Structure formats: C-alpha cells, structure tokens
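This is protein_38.cif (mmCIF, C-alpha atoms and all ligand atoms).
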data_target
loop_
_atom_site.label_atom_id
_atom_site.label_comp_id
_atom_site.auth_asym_id
_atom_site.auth_seq_id
_atom_site.Cartn_x
_atom_site.Cartn_y
_atom_site.Cartn_z
CA MET M 271 139.35 55.64 59.54
CA ASN M 272 138.23 55.52 55.90
CA TYR M 273 134.54 56.34 55.53
CA LYS M 274 134.13 55.52 51.84
CA ASN M 275 133.40 51.80 52.24
CA HIS M 276 130.96 52.31 55.09
CA ARG M 277 129.12 55.02 53.15
CA GLN M 278 128.92 52.86 50.03
CA LYS M 279 127.41 49.90 51.88
CA ILE M 280 124.84 52.01 53.71
CA GLN M 281 123.91 53.88 50.53
CA LEU M 282 123.42 50.69 48.52
CA VAL M 283 121.17 49.13 51.17
CA SER M 284 119.13 52.35 51.30
CA LEU M 285 118.83 52.47 47.50
CA ALA M 286 117.79 48.81 47.23
CA ILE M 287 115.06 49.02 49.88
CA SER M 288 113.68 52.36 48.76
CA SER M 289 113.73 51.49 45.03
CA LEU M 290 111.53 48.52 45.75
CA ILE M 291 108.98 50.50 47.78
CA PHE M 292 109.09 53.43 45.36
CA ALA M 293 108.49 51.13 42.38
CA VAL M 294 105.35 49.79 44.09
CA ALA M 295 104.13 53.35 44.78
CA ALA M 296 104.98 54.51 41.24
CA TYR M 297 102.95 51.61 39.83
CA GLY M 298 99.99 53.37 41.44
CA LEU M 299 100.41 56.18 38.89
CA PHE M 300 99.58 53.78 36.06
CA THR M 301 96.75 52.03 37.86
CA ASN M 302 95.45 55.09 39.77
CA ASN M 303 95.49 52.95 42.87
CA ASP M 304 94.86 54.87 46.12
CA ARG M 305 96.44 52.18 48.29
CA LEU M 306 99.70 52.36 46.38
CA PHE M 307 99.65 56.16 46.64
CA ILE M 308 99.31 55.82 50.40
CA ILE M 309 102.31 53.47 50.44
CA GLY M 310 104.13 56.26 48.57
CA LEU M 311 102.97 58.81 51.14
CA ILE M 312 104.13 56.67 54.08
CA PHE M 313 107.46 56.05 52.36
CA ILE M 314 108.15 59.67 51.42
CA GLY M 315 106.81 60.83 54.81
CA PHE M 316 109.29 58.48 56.47
CA LEU M 317 112.13 59.93 54.35
CA VAL M 318 111.13 63.53 55.12
CA ILE M 319 110.73 62.90 58.84
CA GLY M 320 114.03 60.99 58.94
CA GLY M 321 115.90 63.91 57.36
CA ILE M 322 114.20 66.50 59.58
CA LEU M 323 114.84 64.58 62.79
CA LEU M 324 118.51 64.00 62.01
CA ALA M 325 119.31 67.56 60.87
CA PRO M 326 119.44 69.37 64.27
CA LEU M 327 121.94 66.80 65.55
CA PHE M 328 123.89 65.60 62.53
CA GLY M 329 123.26 68.27 59.88
CA ARG M 330 122.52 66.93 56.42
CA PHE M 331 123.80 63.48 57.31
CA TRP M 332 120.63 62.15 55.67
CA CYS M 333 121.67 63.63 52.32
CA GLY M 334 125.18 62.24 52.51
CA TRP M 335 124.44 58.73 53.70
CA LEU M 336 120.80 57.72 53.33
CA CYS M 337 118.63 59.68 50.90
CA PRO M 338 117.72 57.33 48.00
CA ARG M 339 117.73 60.12 45.43
CA GLY M 340 121.13 61.28 46.70
CA VAL M 341 122.43 57.71 46.30
CA PHE M 342 120.93 57.55 42.81
CA LEU M 343 122.70 60.81 41.88
CA ASP M 344 126.01 59.57 43.30
CA ARG M 345 125.99 56.01 42.02
CA VAL M 346 123.97 56.09 38.81
CA LEU M 347 124.55 59.62 37.49
CA GLY M 348 128.04 59.98 38.96
CA PRO M 349 129.79 57.94 36.23
CA LEU M 350 127.87 59.80 33.48
CA SER M 351 128.45 63.29 34.86
CA MET M 352 130.58 65.91 33.12
CA ASN M 353 131.37 67.18 36.63
CA ARG M 354 131.29 70.88 35.76
CA ARG M 355 131.09 73.34 38.65
CA ILE M 356 127.65 73.95 40.14
CA PRO M 357 126.35 77.33 38.84
CA LYS M 358 126.47 79.89 41.66
CA ILE M 359 122.90 81.04 41.08
CA LEU M 360 121.57 77.61 42.04
CA ARG M 361 123.25 77.94 45.43
CA THR M 362 121.79 81.34 46.31
CA ARG M 363 119.27 81.69 49.11
CA GLY M 364 116.84 83.36 46.70
CA PHE M 365 116.81 80.37 44.37
CA LYS M 366 116.43 77.91 47.25
CA ASN M 367 113.52 79.93 48.65
CA MET M 368 111.91 80.07 45.22
CA MET M 369 112.06 76.26 44.88
CA LEU M 370 110.69 75.77 48.38
CA VAL M 371 107.77 78.13 47.72
CA ALA M 372 107.07 76.53 44.32
CA MET M 373 107.01 73.02 45.79
CA THR M 374 104.79 74.11 48.69
CA LEU M 375 102.38 75.84 46.29
CA LEU M 376 102.19 72.79 44.03
CA LEU M 377 101.49 70.55 47.01
CA GLY M 378 98.79 72.97 48.26
CA LEU M 379 97.13 73.10 44.83
CA SER M 380 97.20 69.33 44.61
CA LEU M 381 95.50 69.03 48.00
CA LEU M 382 92.84 71.52 46.92
CA GLY M 383 92.05 69.23 44.00
CA TYR M 384 93.69 71.31 41.23
CA ASN M 385 96.05 68.55 40.20
CA PRO M 386 95.18 67.80 36.57
CA VAL M 387 97.05 64.50 36.55
CA LEU M 388 95.91 62.82 39.75
CA ARG M 389 92.39 62.80 41.10
CA SER M 390 91.27 60.96 44.18
CA ASP M 391 88.59 61.43 46.83
CA ASN M 392 91.07 60.30 49.42
CA LEU M 393 93.18 63.28 50.54
CA LEU M 394 96.07 61.11 51.75
CA ALA M 395 96.18 59.21 48.46
CA GLN M 396 96.08 62.53 46.59
CA MET M 397 99.08 63.76 48.58
CA GLY M 398 100.98 60.46 48.20
CA GLY M 399 100.36 60.35 44.45
CA PHE M 400 101.46 63.96 44.09
CA LEU M 401 104.71 63.38 45.98
CA VAL M 402 105.56 60.25 44.00
CA LEU M 403 104.83 62.10 40.74
CA MET M 404 106.91 65.12 41.80
CA CYS M 405 109.86 62.88 42.68
CA ILE M 406 109.74 61.31 39.22
CA VAL M 407 109.19 64.58 37.32
CA SER M 408 111.83 66.56 39.22
CA THR M 409 114.37 63.76 38.76
CA ILE M 410 113.73 63.46 35.02
CA LEU M 411 113.50 67.19 34.28
CA LEU M 412 115.92 68.73 36.78
CA ALA M 413 118.04 66.48 38.97
CA GLY M 414 119.06 64.14 36.13
CA PRO M 415 120.01 66.67 33.42
CA LEU M 416 121.70 69.01 35.92
CA GLY M 417 123.61 66.09 37.43
CA ILE M 418 124.91 65.08 34.01
CA ILE M 419 125.91 68.59 32.91
CA PHE M 420 127.26 69.77 36.26
CA LYS M 421 128.24 67.90 39.44
CA PRO M 422 125.99 64.87 40.17
CA ARG M 423 124.62 66.52 43.32
CA THR M 424 123.70 69.85 41.68
CA TRP M 425 120.02 69.27 42.50
CA CYS M 426 120.98 68.91 46.17
CA SER M 427 122.20 72.54 46.16
CA PHE M 428 118.59 73.73 46.07
CA CYS M 429 116.43 70.67 46.82
CA PRO M 430 113.64 71.92 49.13
CA MET M 431 114.08 68.93 51.45
CA GLY M 432 117.83 69.51 51.67
CA TYR M 433 117.31 73.26 52.19
CA ILE M 434 114.97 72.62 55.13
CA GLN M 435 117.64 70.39 56.65
CA SER M 436 120.27 73.14 56.17
CA LEU M 437 118.03 75.59 58.03
CA LEU M 438 117.61 73.12 60.88
CA ALA M 439 121.32 72.28 60.95
CA LYS M 440 122.62 75.65 62.14
CA LYS M 441 123.09 74.42 65.72
CA ARG M 442 123.99 70.82 64.84
CA LEU M 443 126.25 68.81 67.09
CA LEU M 444 128.26 66.99 64.42
CA ARG M 445 130.80 69.34 62.84
CA LEU M 446 134.14 69.14 61.08
CA HIS M 447 137.18 70.34 62.94
CA VAL M 448 140.07 71.49 60.74
CA ASP M 449 143.58 71.65 62.12
CA GLY M 450 146.92 72.04 60.35
CA CYS M 451 145.45 72.78 56.92
CA VAL M 452 147.85 73.77 54.15
CA GLU M 453 145.01 74.96 51.85
CA CYS M 454 145.77 72.50 49.08
CA LYS M 455 141.98 72.36 48.33
CA LEU M 456 142.01 68.60 47.67
CA CYS M 457 139.05 68.22 50.00
CA GLN M 458 137.04 70.84 48.12
CA GLN M 459 137.60 68.98 44.84
CA ASP M 460 136.07 65.85 46.34
CA CYS M 461 133.18 67.62 48.07
CA PRO M 462 129.87 66.86 46.32
CA MET M 463 128.66 70.37 47.23
CA GLU M 464 131.97 72.08 46.42
CA LEU M 465 132.23 73.37 49.98
CA ASP M 466 135.43 74.77 51.41
CA VAL M 467 135.75 73.15 54.84
CA THR M 468 138.00 75.96 55.98
CA ASP M 469 135.28 78.51 55.21
CA THR M 470 132.73 78.05 57.97
CA SER M 471 130.39 80.76 56.61
CA ASP M 472 128.26 78.51 54.40
CA ASN M 473 128.81 75.00 55.64
CA ASP M 474 125.24 74.42 56.82
CA ASP M 475 124.90 72.67 53.44
CA CYS M 476 127.51 70.10 54.53
CA PHE M 477 126.29 66.50 54.15
CA ASN M 478 128.72 65.17 56.79
CA CYS M 479 129.49 62.59 54.12
CA MET M 480 133.17 62.58 55.21
CA LYS M 481 134.51 62.59 51.65
CA CYS M 482 136.74 65.50 52.57
CA VAL M 483 138.03 63.59 55.60
CA ASP M 484 139.05 60.73 53.31
CA ALA M 485 140.54 63.15 50.75
CA CYS M 486 142.82 65.08 53.13
CA LYS M 487 146.26 63.51 52.99
CA ARG M 488 147.37 65.49 56.04
CA ARG M 489 144.51 64.10 58.14
CA SER M 490 143.61 67.69 59.01
CA ILE M 491 139.84 67.18 59.17
CA THR M 492 138.21 65.44 62.11
CA PRO M 493 134.49 64.91 62.65
CA THR M 494 133.68 66.28 66.08
CA ILE M 495 130.66 66.39 68.33
CA SER M 496 130.59 70.00 69.45
CA LEU M 497 128.12 72.00 71.53
CA THR M 498 129.52 75.29 70.23
CA GLU M 499 128.40 76.94 67.00
CA LYS M 500 131.75 78.66 66.68
CA PRO M 501 133.96 77.83 63.69
CA THR M 502 136.30 74.97 64.46
CA VAL M 503 139.14 75.83 62.13
CA SER M 504 142.75 76.37 63.07
CA VAL M 505 145.18 76.55 60.19
S1 LIG M 601 119.26 67.41 48.97
FE1 LIG M 601 117.28 66.41 48.60
S2 LIG M 601 117.65 64.91 47.00
FE2 LIG M 601 119.64 65.59 47.72
S3 LIG M 601 120.18 64.06 49.20
FE3 LIG M 601 119.19 65.70 50.34
S4 LIG M 601 117.02 65.23 50.48
FE4 LIG M 601 117.96 63.88 48.94
S1 LIG M 602 141.82 70.30 54.93
FE1 LIG M 602 143.38 68.95 54.07
S2 LIG M 602 142.76 68.58 51.94
FE2 LIG M 602 141.58 70.30 52.70
S3 LIG M 602 142.71 72.10 52.04
FE3 LIG M 602 143.40 71.62 54.11
S4 LIG M 602 145.14 70.26 53.88
FE4 LIG M 602 144.12 70.33 51.88
S1 LIG M 603 132.46 69.51 53.44
FE1 LIG M 603 133.14 67.36 53.58
S2 LIG M 603 131.59 66.32 54.78
FE2 LIG M 603 130.71 68.25 54.07
S3 LIG M 603 129.69 67.77 52.17
FE3 LIG M 603 131.72 68.42 51.62
S4 LIG M 603 132.93 66.55 51.53
FE4 LIG M 603 131.03 66.06 52.61
#
Final structure tokens representation of the file:
Amino acid sequence: MNYKNHRQKIQLVSLAISSLIFAVAAYGLFTNNDRLFIIGLIFIGFLVIGGILLAPLFGRFWCGWLCPRGVFLDRVLGPLSMNRRIPKILRTRGFKNMMLVAMTLLLGLSLLGYNPVLRSDNLLAQMGGFLVLMCIVSTILLAGPLGIIFKPRTWCSFCPMGYIQSLLAKKRLLRLHVDGCVECKLCQQDCPMELDVTDTSDNDDCFNCMKCVDACKRRSITPTISLTEKPTVSV
C-alpha cells in the first residue's frame, strides 16, 4: 500500500478547512472582535484536543496527517526549503522543555492581563486572541525561517504541542515494525524528522506519516498495532 496519495488528500482537506476558520479568527486581530477570538479559541482548542486524544493510541499521527501548520510546512514551505539537517540542539529535551515553559508562561501572562497587544474583558476571548496571535508570530518568526533554512518540519522538532504528544505517545499502540532491513538509510532520508526507524530509542517523535514505509524498497517497514512497548526491529 502506498500512503502518499492518501496523506496528501487528507492534508489538503485539513488545510483548506482550517485556513478558512483561521482566517476568520485572525481577522479578529484587526477588528479586536471578541467573537472572532472565541472562534479562534474553539478552533485551536479542537486542534489541541484532537492531537492529545490521538497521541496515546496513534502517536503523533496528528502531526503527520492532520495538523494544519504541519501541512503548511510540508506543502507550502517544502518546495522552498534548503533541506539542511535539523540542528541537534533543537531536538534536545532541554530545548523542548524551554519552549514548553516559555509558551505556558506567555499564555499565563496573557490570561493575567499582561498582554500588551490584546486586551479584552472576556477571558475566553483573551485566550483565543493570544493563541491566534502566537500561531501567526511563531510561524513568521520561527517555523517559516527555520523550515526554509533547514528541513521544512524543523519547528516540529520542538513545537510544544508536538512535544506534549511525544510524551503521551510512549505507550502508543501504532508502531512501526522493521524486518529484513539492510540499513541503506533511504527511509531516514525521507523522514521529515530525520528519525532512524531502526533506532527505537527516540522514536516517540515519529509522526506515523508512513513516508519511510513508502521509501523502503525492500518493504521492510510495516505499521503494526502492538500492545508491547518493546522495540519491534529485527534486522
Ligand atoms: S509539531 Fe506542532 S506544528 Fe508540527 S505538526 Fe505537530 S502540532 Fe503541528
Ligand atoms: S528500513 Fe528499508 S529503507 Fe530503511 S534502512 Fe532498512 S532497508 Fe533501508
Ligand atoms: S519514522 Fe517514518 S513514520 Fe515516523 S516520522 Fe519518520 S518517516 Fe514518518
């Protein structure tokens, strides 16, 4: 089975629907409209809850198949990217923790009314406006430039939302089983996160996007529903 076509269709539908809703919410930034901020909050809340609910079963499936920003990075930035290797420091636990703490602090400050850009008496609107603004700012300042200089999904190496999913994915059911590998590394070249499927030590970041499955000419990688956390590699 080739997953590429299925993934493309699902990603494009996700991007089309979410771009429309996000554009409405982002318009609230120019008009300071609480109702539009709340649309933004419901939308981003839906995305966050979707990712969190899927992670314990399917790992970061959300990131690989559905997340609108992930699709944007793949489809829009992908063709522009210089595709350099993702710097190791951005993949360290320390850096991921730092980003998670920074984002949580910013959200907390915004809710306490210290947000200099957005002011609203409605707490939900304040939160929605903040999240919409953060999505735009982090995409323009970080995800976009990093995706052009390095691999398109560089942001996803430390995105707080993706990191939370990785933490929840440790006991996931959907895993990749590797059998008969000749270590040609073709799959690693195609992996958006530069993961080595034969190294099970850090694959909680796996998107289950199945690009490696498509890339392996020997058909050595099989997606498997497994109740065991043990590595499923036999070479
Ligand atoms: S890591 Fe973040 S931005 Fe990237 S696909 Fe996942 S949730 Fe979306
Ligand atoms: S899993 Fe397949 S593509 Fe990946 S290193 Fe092994 S043989 Fe090569
Ligand atoms: S290891 Fe395979 S399924 Fe996981 S992110 Fe990389 S290419 Fe996608």
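In this comparison, which uses all atoms listed in the file, the residue of M:Glu453, M:Asp475, M:Asp466, M:Asp460 approaching ligand LIG 601 (chain M) most closely is M:Asp475.
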Find the spatial neighbours of stretch 321-328 of chain M, counting only C-alpha atoms, within a cut-off of 7 Å - ignore same-chain residues fewer than 6 positions away - and output them as an mmCIF file with C-alpha atoms, keeping the file's coordinate frame.
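After the write, selection10.cif holds the following:
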data_model
loop_
_atom_site.group_PDB
_atom_site.id
_atom_site.type_symbol
_atom_site.label_atom_id
_atom_site.label_comp_id
_atom_site.auth_asym_id
_atom_site.auth_seq_id
_atom_site.Cartn_x
_atom_site.Cartn_y
_atom_site.Cartn_z
ATOM 1 C CA GLN M 435 117.640 70.390 56.650
ATOM 2 C CA LEU M 438 117.610 73.120 60.880
ATOM 3 C CA ALA M 439 121.320 72.280 60.950
ATOM 4 C CA LYS M 441 123.090 74.420 65.720
ATOM 5 C CA ARG M 442 123.990 70.820 64.840
ATOM 6 C CA LEU M 443 126.250 68.810 67.090
ATOM 7 C CA LEU M 444 128.260 66.990 64.420
#
* **Site check for ligand LIG 601 (chain M): residues at most 9 Å away, all atoms listed in the file, as a ChimeraX atom specification** => /M:317-318,321,330-341,343,409,413,423-435,475,477
* Structure fact -> Closest of M:Gly398, M:Gly329, M:Pro357, M:Gly378 to M:Arg305, counting all atoms listed in the file, is M:Gly398
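Atom pair atom CA of M:Phe365 / atom CA of M:Met397: separated by 24.7 Å.
Interatomic distance, atom S1 of ligand LIG 602 (chain M) to atom CA of M:Glu464: 13.1 Å.
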* Provide the atom CA of M:Arg445 to atom CA of M:Pro493 distance in Å, to one decimal place. => 5.8 Å
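When all atoms listed in the file are used to measure the gap to M:Leu446, the shortest distance among M:Ile418, M:Met480, M:Leu350, M:Ile356 belongs to M:Met480.
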* Please check which protein, DNA or RNA residues sit within 6 Å of ligand LIG 603 (chain M), counting all atoms listed in the file, and write them as a ChimeraX atom specification. => /M:461-463,465,467,476-482
* Cut-off 7 Å, only C-alpha atoms and all ligand atoms, neighbours of ligand LIG 602 (chain M) as a list in words -> Val448, Gly450, Cys451, Val452, Glu453, Cys454, Lys455, Leu456, Cys457, Gln458, Val467, Thr468, Cys482, Ala485, Cys486, Lys487, Arg488, Arg489, Ser490 and Ile491 of chain M
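Distances here use only C-alpha atoms; by that measure, the residue among M:Gln281, M:Arg355, M:Leu306, M:Thr492 closest to M:Leu416 is M:Arg355.
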